[in-house]
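Heads up, the thing below is written out as structure tokens.
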Amino acid sequence: MKIGIPLETAPGETRVASIPEVVKKLVGKGFEVMVEAGAGVRAGYPDEDYAAAGATPADRAGAFDVDLLLKVRRPDVADVEALRPGGLYIGLLESCGEDEILSAMLAKGVRVLGMERMPRTSRAQSMDALSSQSNIAGYRATLEAAARYGRFLPMMMTSAGSAKPARLVVLGVGVAGLQAIATARRLGADVYAYDVRPETQEQIRSLGAKPIELDLGESGSGEGGYAKELSEEAKAKQQAALSDQLAKAHVIITTALIPCRPAPVLVTEEVVKRMRPGSVIVDLAAANGGNCPLTVAGEIVERHGVTIVGLTNFPALVPADASAFYARNLANLIEIMFSPSESGPVLKDLAEDDITAAMLVKPSA
């Protein structure tokens with residue numbers, strides 16, 4: 001059973017699907033692991049470390065001509081052409097439904113497991129790549145905000161005078177939001193947070209932040225722990241009620257996303273105009289349209305004296321740990337997918353396990 005680890009070619013991507021530590025464990029279980037030359041270099045994992053772990057060096061064609069291909073980012077047309085017909089593919093698909101790429105993969109008989117489709121159950125937690133990467137994104141986004149804010153985040157007292165702590169607001173209290181709150185508190189900011197799900201208020205308080213409480217007339221709690229889209233009336237109430245709180249903020253970190261829907265607008269242009277010059281907005285929803293309409297995906301811009309960060313791949317800014325977390329997610333998934341045998345690992349029926357059954361992409365009718 002051959003596993004392939006190719007070099008990620010998406011612009012700006014520095015992560016790799018597996019690391020030497022995990023490769024060593026996979027080899028120990030009987031897998032032959034093919035690693036493309038340079039696959040882990042940008043994440044701090046040189047080729048010789050993979051070789052020492054028992055991996056087989058490969059060119060790109062060799063890394064793709066395998067039984068099981070592991071990737072971080074969505075494949076492109078060339079990737080699909082290089083896939084072995086009838087093989088198995090696991091990675092982030094960055095898609096909410098079947099499209100040309102997925103259709104082409106399915107047409108080759110490739111069984112596709114999308115990491116975004118991981119069910120949110122206790123058994124699947126160790127395999128949940130969205131959570132592991134969002135955790136890193138929340139941490140790195142807070143550092144980005146601190147670096148671009150022209151003042152201190154904590155209260156600072158010196159012989160030259162003192163500085164008050166920055167007022168930092170986190171919008172959206174999922175995995176990324178909770179890590180942003182925790183990191184901002186460690187940096188000494190005065191942290192406030194808001195989420196449409198009432199049950200998050202206790203989580204906010206537990207991290208030492210202050211919840212922003214709004215009465216919208218409805219709850220934003222959805223299935224599987226995710227937020228659901230509010231009604232148009234509730235959205236309008238939310239924007240109006242949030243405006244004064246956000247205008248007083250020195251730093252805003254937005255993380256509000258609804259799966260397969262445009263990001264809700266929480267920070268309006270009017271709010272940006274009211275913020276103090278030099279303030280910073282880090283919009284983690286930039287790739288989905290942004291929680292601020294002034295956000296430009298992939299860019300850092302200044303509008304009305306406020307710096308708006310629209311970077312779309314924060315985990316790639318912490319590539320060593322992001323790759324390590326992702327690699328362990330995949331290794332834990334592989335653990336439940338294969339049975340050991342004298343002749344090597346044997347793939348189980350993917351439809352029989354609730355995790356792999358949920359992740360498996362099925363052709364549209």
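Each chain of the structure tokens is named A, B, ... in the order shown, its residues numbered from 1; ligands are numbered from 1 in display order.
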
Within 8 Å of stretch 78-95 of chain A, counting only C-alpha atoms, which residues qualify if same-chain residues fewer than 3 places away don't, as a count of residues only?
27

Using only C-alpha atoms, tabulate the residues of stretch 133-247 of chain A lying at most 12 Å from any atom of stretch 315-338 of chain A, each with its closest atom pair and that distance in Å to one decimal, by chain and increasing residue number, as CSV.
```
residue,atom,partner,partner_atom,distance
A:Gln133,CA,A:Pro315,CA,6.0
A:Ser134,CA,A:Pro315,CA,7.7
A:Asn135,CA,A:Pro315,CA,8.7
A:Ile136,CA,A:Pro315,CA,5.7
A:Ala137,CA,A:Pro315,CA,5.3
A:Gly138,CA,A:Pro315,CA,9.0
A:Tyr139,CA,A:Pro315,CA,9.2
A:Arg140,CA,A:Leu317,CA,7.4
A:Ala141,CA,A:Pro315,CA,9.3
A:Leu143,CA,A:Leu317,CA,10.8
A:Glu144,CA,A:Leu317,CA,10.1
A:Ala176,CA,A:Pro315,CA,11.0
```

Every residue of stretch 124-341 of chain A that DSSP places in alpha helix (DSSP H), as a VMD selection string
chain A and resid 129 to 148 175 to 186 201 to 206 232 to 247 269 to 274 319 to 337

Applying 10 Å and only C-alpha atoms, which residues near stretch 204-207 of chain A remain after dropping the ones on its own chain fewer than 3 positions away? List them as a VMD selection string.
chain A and resid 170 173 177 to 179 181 to 183 185 to 186 191 to 195 199 to 201 210 to 212

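Each of A:Val282, A:Val272, A:Met118, A:Ala63 was compared to A:Ala39 using only C-alpha atoms, and A:Ala63 turns out to be the nearest.
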
Quick one: pick out all strand (DSSP E) residues within stretch 192-305 of chain A from a backbone DSSP run and write them as a list of chain:residue names.
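After running DSSP on the backbone, stretch 192-305 of chain A has strand (DSSP E) at A:Tyr192, A:Ala193, A:Tyr194, A:Lys210, A:Pro211, A:Val251, A:Ile252, A:Ile253, A:Thr254, A:Val280, A:Ile281, A:Val282, A:Asp283, A:Ile300, A:Val301, A:Glu302, A:Arg303.
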
Expressed in Å to a single decimal, how great is the separation between atom CA of A:Thr307 and atom CA of A:Met156?
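It comes out at 22.8 Å.
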
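The closest residue to A:Ser103, picked from A:Val301, A:Ala124, A:Leu171, A:Val77 and counting only C-alpha atoms, is A:Val77.
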
Min atom-atom distance to A:Met359 from the set A:Val271, A:Leu246, A:Met127, A:Val35, counting only C-alpha atoms, belongs to A:Met127

Could you check which of A:Asn288, A:Ser159, A:Gln238, A:Ser243 is closest to A:Cys260, using only C-alpha atoms?
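Ranking A:Asn288, A:Ser159, A:Gln238, A:Ser243 by distance to A:Cys260, first place goes to A:Asn288.
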
How far is it from atom CA of A:Ala189 to atom CA of A:Pro165, in Å with one decimal?
5.4 Å

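Closest approach to A:Leu257 from the set A:Leu106, A:Val175, A:Ile281, A:Leu214 is made by A:Val175, with distances taken over only C-alpha atoms.
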
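Between A:Glu32 and the candidates A:Gly208, A:Pro277, A:Ala53, A:Val251, the tightest atom-to-atom separation, counting only C-alpha atoms, involves A:Ala53.
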
Expressed in Å to a single decimal, how great is the separation between atom CA of A:Phe31 and atom CA of A:Pro345?
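Between atom CA of A:Phe31 and atom CA of A:Pro345 the gap works out to 6.9 Å.
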